[in-house]
$ cat start14.txt   # compact mmCIF, C-alpha atoms
# COMPACT_ATOMS: atom_id res chain seq x y z
CA MET A 1 0.00 0.00 0.00
CA VAL A 2 1.15 3.51 -0.79
CA GLU A 3 2.01 5.79 2.13
CA TRP A 4 0.94 9.41 1.78
CA THR A 5 2.18 12.14 4.10
CA ASP A 6 -0.30 14.76 5.25
CA GLN A 7 1.57 17.30 3.17
CA GLU A 8 1.20 15.16 0.03
CA ARG A 9 -2.54 14.69 0.63
CA THR A 10 -2.99 18.44 1.02
CA LEU A 11 -0.92 19.30 -2.04
CA ILE A 12 -2.84 16.86 -4.22
CA ALA A 13 -6.23 17.94 -2.87
CA ASN A 14 -5.29 21.55 -3.65
CA ILE A 15 -4.49 20.75 -7.26
CA PHE A 16 -7.88 19.13 -7.74
CA ALA A 17 -9.71 21.90 -5.90
CA ASN A 18 -8.40 24.42 -8.45
CA LEU A 19 -8.34 22.19 -11.53
CA ASP A 20 -9.96 23.56 -14.69
CA TYR A 21 -10.86 20.18 -16.20
CA GLU A 22 -12.03 21.65 -19.51
CA ASP A 23 -8.82 23.58 -20.06
CA ILE A 24 -6.24 21.16 -18.66
CA GLY A 25 -7.85 17.93 -19.86
CA SER A 26 -8.22 19.03 -23.46
CA LYS A 27 -4.74 20.56 -23.61
CA ALA A 28 -3.03 17.54 -22.05
CA LEU A 29 -4.49 15.00 -24.46
CA ALA A 30 -3.88 17.22 -27.51
CA ARG A 31 -0.28 17.76 -26.42
CA CYS A 32 0.22 14.02 -25.96
CA LEU A 33 -1.05 13.29 -29.47
CA ILE A 34 1.25 15.96 -30.92
CA VAL A 35 4.42 15.28 -28.92
CA TYR A 36 4.06 11.48 -29.15
CA PRO A 37 2.28 11.04 -32.48
CA TRP A 38 2.20 7.25 -32.27
CA THR A 39 -0.43 7.66 -29.55
CA GLN A 40 -2.82 8.73 -32.33
CA ARG A 41 -3.21 5.05 -33.13
CA TYR A 42 -6.00 4.84 -30.56
CA PHE A 43 -7.98 7.71 -32.03
CA GLY A 44 -8.81 6.55 -35.54
CA GLY A 45 -12.45 7.49 -35.15
CA PHE A 46 -11.84 10.95 -33.76
CA GLY A 47 -11.83 12.96 -36.98
CA ASN A 48 -9.10 15.25 -38.24
CA LEU A 49 -5.72 14.65 -36.54
CA TYR A 50 -3.69 15.61 -39.58
CA ASN A 51 -1.56 18.32 -37.95
CA ALA A 52 -1.01 20.05 -34.62
CA ASP A 53 -3.60 22.77 -35.28
CA ALA A 54 -6.23 20.24 -36.28
CA ILE A 55 -5.55 18.24 -33.11
CA MET A 56 -5.66 21.29 -30.85
CA ASN A 57 -8.99 22.40 -32.34
CA ASN A 58 -10.58 18.98 -32.48
CA PRO A 59 -13.71 19.00 -30.27
CA MET A 60 -13.82 15.20 -29.94
CA ILE A 61 -10.27 15.18 -28.64
CA SER A 62 -11.04 18.03 -26.22
CA ALA A 63 -14.07 16.23 -24.84
CA HIS A 64 -12.12 13.00 -24.47
CA GLY A 65 -9.29 14.79 -22.67
CA VAL A 66 -11.76 16.13 -20.13
CA LYS A 67 -13.23 12.65 -19.68
CA ILE A 68 -9.78 11.17 -19.07
CA LEU A 69 -8.93 13.86 -16.52
CA HIS A 70 -12.12 13.13 -14.62
CA GLY A 71 -10.85 9.55 -14.52
CA LEU A 72 -8.37 10.76 -11.91
CA ASP A 73 -11.19 11.72 -9.57
CA ARG A 74 -11.60 8.19 -8.34
CA ALA A 75 -7.95 8.15 -7.26
CA VAL A 76 -8.39 11.30 -5.17
CA LYS A 77 -11.46 9.76 -3.54
CA ASN A 78 -9.61 6.48 -2.84
CA MET A 79 -6.07 7.60 -2.07
CA ASP A 80 -5.50 4.67 0.25
CA ASP A 81 -6.58 2.01 -2.19
CA ILE A 82 -5.89 3.27 -5.67
CA LYS A 83 -4.91 -0.17 -6.91
CA ASN A 84 -8.36 -1.63 -6.32
CA ALA A 85 -10.17 1.54 -7.30
CA TYR A 86 -8.75 1.16 -10.82
CA ALA A 87 -9.17 -2.60 -11.23
CA THR A 88 -12.14 -2.36 -13.61
CA LEU A 89 -10.66 0.58 -15.55
CA SER A 90 -7.44 -1.37 -15.91
CA GLU A 91 -9.31 -4.33 -17.33
CA LEU A 92 -11.16 -2.03 -19.71
CA HIS A 93 -7.93 -0.52 -21.04
CA SER A 94 -6.37 -3.95 -21.43
CA GLU A 95 -9.24 -6.12 -22.71
CA LYS A 96 -11.41 -3.65 -24.58
CA LEU A 97 -9.27 -0.70 -25.57
CA HIS A 98 -5.95 -2.57 -25.96
CA VAL A 99 -3.90 0.45 -24.91
CA ASP A 100 -0.17 -0.06 -24.35
CA PRO A 101 0.28 0.95 -20.68
CA ASP A 102 3.34 3.03 -21.56
CA ASN A 103 0.87 5.53 -22.96
CA PHE A 104 -0.39 6.26 -19.44
CA ARG A 105 3.11 7.45 -18.56
CA LEU A 106 3.32 9.61 -21.69
CA LEU A 107 -0.02 11.25 -20.94
CA SER A 108 1.03 11.79 -17.30
CA ASP A 109 4.12 13.66 -18.42
CA CYS A 110 2.06 15.90 -20.69
CA LEU A 111 -0.42 16.50 -17.89
CA SER A 112 2.36 17.63 -15.55
CA ILE A 113 3.73 19.96 -18.21
CA VAL A 114 0.34 21.54 -18.93
CA ILE A 115 -0.31 22.08 -15.22
CA ALA A 116 3.18 23.59 -14.88
CA SER A 117 2.43 26.03 -17.70
CA LYS A 118 -0.70 27.15 -15.88
CA MET A 119 0.81 27.43 -12.40
CA GLY A 120 4.29 28.81 -13.11
CA TYR A 121 6.34 28.97 -9.91
CA ASP A 122 3.30 27.84 -7.90
CA PHE A 123 4.16 24.42 -9.28
CA THR A 124 6.84 24.06 -6.63
CA PRO A 125 9.29 21.16 -6.52
CA ASP A 126 7.37 19.67 -3.57
CA LEU A 127 4.11 19.96 -5.45
CA GLN A 128 5.64 18.40 -8.55
CA ALA A 129 6.99 15.54 -6.41
CA ALA A 130 3.61 14.83 -4.81
CA TRP A 131 1.73 15.18 -8.10
CA GLN A 132 4.10 12.89 -10.01
CA LYS A 133 4.00 10.32 -7.18
CA PHE A 134 0.20 10.41 -7.40
CA LEU A 135 0.27 9.93 -11.18
CA THR A 136 2.82 7.12 -10.90
CA VAL A 137 0.51 5.26 -8.52
CA VAL A 138 -2.48 5.73 -10.84
CA VAL A 139 -0.43 4.64 -13.87
CA PHE A 140 0.70 1.52 -12.03
CA ALA A 141 -2.86 0.70 -11.00
CA LEU A 142 -4.09 1.14 -14.58
CA GLY A 143 -1.48 -1.30 -15.81
CA ARG A 144 -2.08 -3.80 -13.03
CA GLN A 145 -4.75 -6.00 -14.71
CA TYR A 146 -2.87 -6.47 -17.97
CA HIS A 147 -1.86 -10.04 -18.64
CA THR B 1 -3.69 9.64 -40.64
CA VAL B 2 -0.48 8.16 -39.22
CA LEU B 3 0.02 6.17 -42.45
CA THR B 4 -0.55 9.15 -44.74
CA GLN B 5 1.96 11.20 -42.79
CA PHE B 6 4.52 8.43 -43.19
CA ARG B 7 3.89 7.91 -46.91
CA SER B 8 4.04 11.60 -47.77
CA LYS B 9 7.57 12.07 -46.38
CA PRO B 10 10.48 11.36 -48.76
CA TYR B 11 12.74 8.52 -47.66
CA ARG B 12 15.78 9.89 -45.89
CA ASN B 13 19.21 8.29 -45.94
CA LYS B 14 20.11 7.96 -42.32
CA ARG B 15 23.60 7.36 -40.98
CA LEU B 16 23.88 4.04 -39.21
CA SER B 17 24.27 5.75 -35.84
CA ASN B 18 20.97 7.53 -36.43
CA ALA B 19 19.16 4.37 -37.45
CA ALA B 20 17.50 3.83 -34.08
CA THR B 21 16.84 7.49 -33.31
CA MET B 22 14.14 9.93 -34.32
CA SER B 23 16.37 12.62 -35.83
CA LEU B 24 15.46 16.29 -36.07
CA SER B 25 14.07 17.73 -39.30
CA ALA B 26 15.43 21.05 -40.55
CA LYS B 27 12.23 22.71 -39.34
CA GLU B 28 12.61 21.23 -35.88
CA LYS B 29 16.24 22.37 -35.67
CA ASN B 30 15.06 25.91 -36.41
CA ILE B 31 12.35 25.63 -33.78
CA VAL B 32 14.98 24.52 -31.25
CA ARG B 33 17.38 27.33 -32.16
CA ASP B 34 14.65 30.00 -32.09
CA PHE B 35 13.18 28.81 -28.83
CA PHE B 36 16.51 28.60 -27.00
CA LYS B 37 17.32 32.10 -28.26
CA LYS B 38 14.15 33.28 -26.52
CA VAL B 39 15.13 31.38 -23.38
CA SER B 40 18.70 32.69 -23.26
CA SER B 41 17.97 35.69 -21.03
CA ARG B 42 16.64 33.31 -18.35
CA SER B 43 18.82 30.32 -19.07
CA GLU B 44 20.52 30.41 -15.65
CA GLU B 45 17.13 30.44 -13.98
CA VAL B 46 16.07 27.45 -16.09
CA GLY B 47 19.22 25.50 -15.24
CA THR B 48 19.03 26.19 -11.51
CA GLU B 49 15.31 25.47 -11.28
CA ALA B 50 15.54 22.25 -13.33
CA LEU B 51 18.40 20.88 -11.24
CA SER B 52 16.79 21.93 -7.93
CA ARG B 53 13.59 20.28 -8.96
CA MET B 54 15.33 17.09 -10.08
CA LEU B 55 17.00 16.70 -6.69
CA THR B 56 13.65 17.12 -4.91
CA VAL B 57 11.35 15.17 -7.20
CA TYR B 58 13.84 12.35 -7.86
CA PRO B 59 15.81 12.08 -4.62
CA GLN B 60 17.88 9.18 -5.92
CA THR B 61 19.70 11.71 -8.13
CA LYS B 62 21.23 13.21 -4.98
CA SER B 63 23.52 10.20 -4.91
CA TYR B 64 25.75 11.95 -7.44
CA PHE B 65 26.19 15.02 -5.25
CA ALA B 66 27.17 13.59 -1.88
CA HIS B 67 30.23 15.86 -1.98
CA TRP B 68 28.12 19.05 -1.90
CA LYS B 69 27.46 20.72 1.41
CA ASP B 70 24.06 22.04 0.48
CA LEU B 71 21.59 20.26 -1.82
CA SER B 72 18.59 22.46 -1.11
CA PRO B 73 16.77 24.09 -4.05
CA GLY B 74 18.60 27.20 -5.25
CA SER B 75 21.66 26.68 -3.02
CA PRO B 76 25.01 28.02 -4.33
CA PRO B 77 26.38 24.66 -5.58
CA VAL B 78 23.02 23.85 -7.20
CA ARG B 79 22.90 27.28 -8.88
CA LYS B 80 26.45 26.98 -10.14
CA HIS B 81 25.92 23.50 -11.49
CA GLY B 82 22.60 24.40 -13.11
CA ILE B 83 24.44 27.15 -14.99
CA THR B 84 27.15 24.73 -16.08
CA ILE B 85 24.57 22.29 -17.39
CA MET B 86 22.68 24.96 -19.32
CA GLY B 87 25.99 26.01 -20.83
CA GLY B 88 26.29 22.47 -22.13
CA VAL B 89 22.75 22.57 -23.51
CA TYR B 90 23.47 25.81 -25.39
CA ASP B 91 26.69 24.33 -26.72
CA ALA B 92 24.63 21.42 -28.00
CA VAL B 93 22.13 23.80 -29.65
CA SER B 94 25.00 25.33 -31.62
CA LYS B 95 26.09 21.84 -32.67
CA VAL B 96 22.62 20.50 -33.44
CA ASP B 97 23.71 19.38 -36.91
CA ASP B 98 26.20 16.90 -35.44
CA LEU B 99 25.52 16.23 -31.79
CA VAL B 100 27.54 13.01 -31.58
CA GLY B 101 30.63 14.58 -33.15
CA GLY B 102 30.26 17.91 -31.39
CA LEU B 103 29.76 16.44 -27.91
CA LEU B 104 32.53 13.82 -28.06
CA THR B 105 34.59 15.36 -25.23
CA LEU B 106 31.54 15.84 -23.03
CA SER B 107 30.60 12.25 -23.69
CA GLU B 108 34.03 11.06 -22.64
CA LEU B 109 33.73 13.13 -19.47
CA HIS B 110 30.37 11.57 -18.61
CA ALA B 111 31.46 8.04 -19.59
CA PHE B 112 34.83 7.79 -17.92
CA MET B 113 34.83 10.35 -15.15
CA LEU B 114 31.30 11.16 -14.06
CA ARG B 115 29.75 7.81 -14.96
CA ILE B 116 26.22 9.07 -14.52
CA ASP B 117 23.67 6.38 -15.29
CA PRO B 118 22.04 7.48 -18.56
CA VAL B 119 18.55 7.06 -17.12
CA ASN B 120 19.22 10.32 -15.31
CA PHE B 121 19.51 12.22 -18.58
CA LYS B 122 15.83 11.42 -19.18
CA ILE B 123 14.98 12.54 -15.67
CA LEU B 124 16.76 15.88 -16.01
CA SER B 125 15.29 16.39 -19.49
CA HIS B 126 11.79 15.99 -18.07
CA CYS B 127 12.55 18.53 -15.34
CA MET B 128 13.83 20.96 -17.98
CA LEU B 129 10.64 20.56 -19.99
CA VAL B 130 8.55 21.26 -16.87
CA VAL B 131 10.56 24.42 -16.08
CA LEU B 132 10.45 25.65 -19.69
CA SER B 133 6.69 25.15 -19.59
CA MET B 134 6.45 27.07 -16.30
CA LEU B 135 8.55 30.02 -17.43
CA PHE B 136 7.49 30.23 -21.08
CA PRO B 137 3.85 29.08 -21.11
CA GLU B 138 2.98 30.95 -24.32
CA ASP B 139 6.09 29.94 -26.26
CA PHE B 140 6.29 26.32 -25.14
CA THR B 141 3.58 25.18 -27.53
CA PRO B 142 3.05 21.48 -28.29
CA GLN B 143 5.11 21.87 -31.48
CA VAL B 144 8.01 23.46 -29.59
CA HIS B 145 7.64 20.82 -26.85
CA LEU B 146 7.98 18.08 -29.48
CA ALA B 147 11.13 19.57 -31.03
CA VAL B 148 12.79 20.29 -27.68
CA ASP B 149 11.89 16.82 -26.33
CA LYS B 150 13.49 15.20 -29.38
CA PHE B 151 16.52 17.48 -29.11
CA LEU B 152 17.09 16.65 -25.44
CA ALA B 153 16.71 12.94 -26.18
CA LEU B 154 19.32 13.18 -28.96
CA LEU B 155 21.57 15.21 -26.65
CA ALA B 156 21.30 12.44 -24.06
CA LEU B 157 22.16 9.82 -26.67
CA ALA B 158 25.20 11.81 -27.75
CA LEU B 159 26.31 12.10 -24.12
CA ALA B 160 25.99 8.35 -23.67
CA GLU B 161 27.86 7.61 -26.92
CA LYS B 162 31.15 6.71 -25.23
CA TYR B 163 29.70 4.73 -22.33
CA ARG B 164 30.44 1.29 -23.73
$ encode --input "start14.txt" --output "structure tokens"
Amino acid sequence: MVEWTDQERTLIANIFANLDYEDIGSKALARCLIVYPWTQRYFGGFGNLYNADAIMNNPMISAHGVKILHGLDRAVKNMDDIKNAYATLSELHSEKLHVDPDNFRLLSDCLSIVIASKMGYDFTPDLQAAWQKFLTVVVFALGRQYH
Amino acid sequence: TVLTQFRSKPYRNKRLSNAATMSLSAKEKNIVRDFFKKVSSRSEEVGTEALSRMLTVYPQTKSYFAHWKDLSPGSPPVRKHGITIMGGVYDAVSKVDDLVGGLLTLSELHAFMLRIDPVNFKILSHCMLVVLSMLFPEDFTPQVHLAVDKFLALLALALAEKYR
């Protein structure tokens, strides 16, 4: 089980309290598809992904980015048992969606970078540490049911 | 869409050493040069902040700095070293057309003297990307992010060239 300090819990709760899901979610997914273009393989039915501008203005991608970001909510609500909280989602990504789990790490990195761009120096080293630890745990849980 | 992008690009003759890498296009090299020109007035800040952050977020990296008195963010040795590292990055920008050749001495330094595990190059690169995003939110667009990410990965490969 993952140990969280009080400081980490507070830092993570603060991020979510001030999170603009529409803005951050859409930007993070678009950035991931642009910076790591092979991730586009999962979005064949999402319309025009031909270039960076098309991706950034694609409403289906925006909506999906927001949906993915809300997927983190269940981790915040279940900080002490993230592994089990994501068991069904992990199965979904493995059995139905067939997503290579390395993509979760790529998206996490883009998410951190988008949040950093919004927060500037408020994204302190301690906050980055707590946030990345949180994402690492979620990423691990999402990959857990793959076989 | 992935397939059409692949088919529409002319086949490029790649040197054997580039065979496994995703090399920079001419456009991406220009993006890298232009962006780092914009960054140059705050390059010391970027170097210090990236290194400080790396030591906090990835505490295992402190193992390379046991000889420093003070490892806290922004401390004098951290500042000084962040500046040194950014100097290396700018040197690499000027040699972007031949990173392996241009960084041979630096590679030998890292391989034989410093012996830093190459996984740490990825870690520091990520911290640099975070800091660039923090300090230049408007300029660090996804396209710039892509070019800089590729550049830092190639820089890391060039640094690891002499390792074994």
$ interface_residues --input "start14.txt" --of "chain B" --to "chain A" --cutoff "10 Å" --atoms "only C-alpha atoms" --output "number ranges by chain"
B: 1-5, 49-50, 52-59, 73, 126-127, 129-138, 140-150
$ axis_aligned_box --input "start14.txt" --around "region 107-126 of chain B" --padding-each-side "4 Å" --output "lines of an AutoDock Vina configuration file"
center_x = 23.3
center_y = 11.4
center_z = -18.9
size_x = 31.0
size_y = 18.0
size_z = 17.6
$ closest_residue --input "start14.txt" --among "A:His93, A:Met1, A:Leu111, A:Leu106" --to "Gly143 (chain A)" --atoms "all atoms listed in the file"
A:His93
$ closest_residue --input "start14.txt" --among "B:Ile85, B:Val119, B:Val93, B:Ala153" --to "Gly47 (chain B)" --atoms "all atoms listed in the file"
B:Ile85
$ closest_residue --input "start14.txt" --among "B:Ser125, B:Ser25, B:Thr105, B:Thr61" --to "Lys162 (chain B)" --atoms "only C-alpha atoms"
B:Thr105
$ atom_distance --input "start14.txt" --atom1 "CA of Val99 (chain A)" --atom2 "CA of Val66 (chain A)"
18.2 Å
$ residues_around --input "start14.txt" --residues "Gly65 (chain A)" --least-positions-apart "3" --cutoff "6 Å" --atoms "all atoms listed in the file" --output "number ranges by chain"
A: 25-26, 29, 62, 68
$ closest_residue --input "start14.txt" --among "B:His110, B:Lys27, B:Arg42, B:Lys62" --to "Glu161 (chain B)" --atoms "only C-alpha atoms"
B:His110
$ residues_around --input "start14.txt" --residues "region 85-90 of chain A" --least-positions-apart "6" --cutoff "12 Å" --atoms "only C-alpha atoms" --output "list in words"
Ile68, Gly71, Leu72, Asp73, Arg74, Ala75, Val76, Lys77, Asn78, Met79, Lys96, Leu97, His98, Val99, Asp100, Pro101, Phe104, Val137, Val138, Val139, Phe140, Ala141, Leu142, Gly143, Arg144, Gln145, Tyr146 and His147 of chain A
$ atom_distance --input "start14.txt" --atom1 "CA of Ala156 (chain B)" --atom2 "CA of Met128 (chain B)"
12.9 Å
$ atom_distance --input "start14.txt" --atom1 "CA of Phe121 (chain B)" --atom2 "CA of Leu109 (chain B)"
14.3 Å
$ residues_around --input "start14.txt" --residues "Ala111 (chain B)" --least-positions-apart "6" --cutoff "12 Å" --atoms "all atoms listed in the file" --output "PyMOL selection string"
chain B and resi 103-105+117-118+156-164
$ write_last_selection --input "start14.txt" --atoms "C-alpha atoms" --output "PDB file, in the coordinates of the input"
ATOM      1  CA  LEU B 103      29.760  16.440 -27.910  1.00  0.00           C
ATOM      2  CA  LEU B 104      32.530  13.820 -28.060  1.00  0.00           C
ATOM      3  CA  THR B 105      34.590  15.360 -25.230  1.00  0.00           C
ATOM      4  CA  ASP B 117      23.670   6.380 -15.290  1.00  0.00           C
ATOM      5  CA  PRO B 118      22.040   7.480 -18.560  1.00  0.00           C
ATOM      6  CA  ALA B 156      21.300  12.440 -24.060  1.00  0.00           C
ATOM      7  CA  LEU B 157      22.160   9.820 -26.670  1.00  0.00           C
ATOM      8  CA  ALA B 158      25.200  11.810 -27.750  1.00  0.00           C
ATOM      9  CA  LEU B 159      26.310  12.100 -24.120  1.00  0.00           C
ATOM     10  CA  ALA B 160      25.990   8.350 -23.670  1.00  0.00           C
ATOM     11  CA  GLU B 161      27.860   7.610 -26.920  1.00  0.00           C
ATOM     12  CA  LYS B 162      31.150   6.710 -25.230  1.00  0.00           C
ATOM     13  CA  TYR B 163      29.700   4.730 -22.330  1.00  0.00           C
ATOM     14  CA  ARG B 164      30.440   1.290 -23.730  1.00  0.00           C
TER      15      ARG B 164
END
$ build_atoms --input "start14.txt" --residues "region 101-112 of chain B" --atoms "all heavy atoms" --output "mmCIF file, in the frame of the given file"
data_model
loop_
_atom_site.group_PDB
_atom_site.id
_atom_site.type_symbol
_atom_site.label_atom_id
_atom_site.label_comp_id
_atom_site.auth_asym_id
_atom_site.auth_seq_id
_atom_site.Cartn_x
_atom_site.Cartn_y
_atom_site.Cartn_z
ATOM 1 N N GLY B 101 29.278 14.070 -32.910
ATOM 2 C CA GLY B 101 30.630 14.580 -33.150
ATOM 3 C C GLY B 101 30.954 15.758 -32.248
ATOM 4 O O GLY B 101 32.022 15.835 -31.635
ATOM 5 N N GLY B 102 30.018 16.677 -32.146
ATOM 6 C CA GLY B 102 30.260 17.910 -31.390
ATOM 7 C C GLY B 102 30.397 17.697 -29.896
ATOM 8 O O GLY B 102 31.045 18.476 -29.204
ATOM 9 N N LEU B 103 29.761 16.643 -29.363
ATOM 10 C CA LEU B 103 29.760 16.440 -27.910
ATOM 11 C C LEU B 103 30.687 15.300 -27.488
ATOM 12 O O LEU B 103 30.563 14.774 -26.387
ATOM 13 C CB LEU B 103 28.335 16.166 -27.427
ATOM 14 C CG LEU B 103 27.336 17.282 -27.672
ATOM 15 C CD1 LEU B 103 25.955 16.890 -27.177
ATOM 16 C CD2 LEU B 103 27.769 18.570 -26.983
ATOM 17 N N LEU B 104 31.629 14.947 -28.333
ATOM 18 C CA LEU B 104 32.530 13.820 -28.060
ATOM 19 C C LEU B 104 33.267 13.970 -26.728
ATOM 20 O O LEU B 104 33.316 13.037 -25.915
ATOM 21 C CB LEU B 104 33.545 13.703 -29.201
ATOM 22 C CG LEU B 104 33.852 12.312 -29.728
ATOM 23 C CD1 LEU B 104 32.579 11.482 -29.908
ATOM 24 C CD2 LEU B 104 34.555 12.411 -31.085
ATOM 25 N N THR B 105 33.834 15.152 -26.486
ATOM 26 C CA THR B 105 34.590 15.360 -25.230
ATOM 27 C C THR B 105 33.667 15.277 -24.033
ATOM 28 O O THR B 105 34.005 14.657 -23.018
ATOM 29 C CB THR B 105 35.274 16.743 -25.227
ATOM 30 O OG1 THR B 105 35.575 17.110 -26.560
ATOM 31 C CG2 THR B 105 36.524 16.734 -24.395
ATOM 32 N N LEU B 106 32.501 15.897 -24.143
ATOM 33 C CA LEU B 106 31.540 15.840 -23.030
ATOM 34 C C LEU B 106 31.110 14.404 -22.768
ATOM 35 O O LEU B 106 30.900 14.003 -21.627
ATOM 36 C CB LEU B 106 30.305 16.687 -23.342
ATOM 37 C CG LEU B 106 30.271 18.078 -22.746
ATOM 38 C CD1 LEU B 106 28.956 18.750 -23.105
ATOM 39 C CD2 LEU B 106 30.426 18.035 -21.240
ATOM 40 N N SER B 107 30.984 13.644 -23.853
ATOM 41 C CA SER B 107 30.600 12.250 -23.690
ATOM 42 C C SER B 107 31.676 11.483 -22.955
ATOM 43 O O SER B 107 31.391 10.688 -22.058
ATOM 44 C CB SER B 107 30.315 11.610 -25.045
ATOM 45 O OG SER B 107 29.935 10.262 -24.856
ATOM 46 N N GLU B 108 32.933 11.745 -23.336
ATOM 47 C CA GLU B 108 34.030 11.060 -22.640
ATOM 48 C C GLU B 108 34.047 11.425 -21.164
ATOM 49 O O GLU B 108 34.250 10.560 -20.300
ATOM 50 C CB GLU B 108 35.368 11.423 -23.295
ATOM 51 C CG GLU B 108 35.573 10.652 -24.607
ATOM 52 C CD GLU B 108 36.734 11.157 -25.438
ATOM 53 O OE1 GLU B 108 37.322 12.189 -25.062
ATOM 54 O OE2 GLU B 108 37.032 10.525 -26.461
ATOM 55 N N LEU B 109 33.794 12.689 -20.872
ATOM 56 C CA LEU B 109 33.730 13.130 -19.470
ATOM 57 C C LEU B 109 32.681 12.341 -18.699
ATOM 58 O O LEU B 109 32.920 11.839 -17.610
ATOM 59 C CB LEU B 109 33.389 14.628 -19.424
ATOM 60 C CG LEU B 109 33.156 15.211 -18.031
ATOM 61 C CD1 LEU B 109 34.476 15.371 -17.292
ATOM 62 C CD2 LEU B 109 32.421 16.543 -18.112
ATOM 63 N N HIS B 110 31.472 12.246 -19.285
ATOM 64 C CA HIS B 110 30.370 11.570 -18.610
ATOM 65 C C HIS B 110 30.610 10.065 -18.517
ATOM 66 O O HIS B 110 30.236 9.431 -17.538
ATOM 67 C CB HIS B 110 29.048 11.840 -19.319
ATOM 68 C CG HIS B 110 28.512 13.212 -19.043
ATOM 69 N ND1 HIS B 110 29.023 14.335 -19.640
ATOM 70 C CD2 HIS B 110 27.526 13.637 -18.227
ATOM 71 C CE1 HIS B 110 28.370 15.404 -19.197
ATOM 72 N NE2 HIS B 110 27.455 15.007 -18.337
ATOM 73 N N ALA B 111 31.261 9.497 -19.549
ATOM 74 C CA ALA B 111 31.460 8.040 -19.590
ATOM 75 C C ALA B 111 32.551 7.586 -18.641
ATOM 76 O O ALA B 111 32.391 6.589 -17.934
ATOM 77 C CB ALA B 111 31.790 7.615 -21.000
ATOM 78 N N PHE B 112 33.670 8.299 -18.642
ATOM 79 C CA PHE B 112 34.830 7.790 -17.920
ATOM 80 C C PHE B 112 35.042 8.432 -16.567
ATOM 81 O O PHE B 112 35.580 7.811 -15.664
ATOM 82 C CB PHE B 112 36.090 7.942 -18.785
ATOM 83 C CG PHE B 112 35.948 7.273 -20.123
ATOM 84 C CD1 PHE B 112 36.142 7.977 -21.297
ATOM 85 C CD2 PHE B 112 35.565 5.938 -20.205
ATOM 86 C CE1 PHE B 112 35.987 7.355 -22.532
ATOM 87 C CE2 PHE B 112 35.413 5.318 -21.427
ATOM 88 C CZ PHE B 112 35.621 6.028 -22.602
#
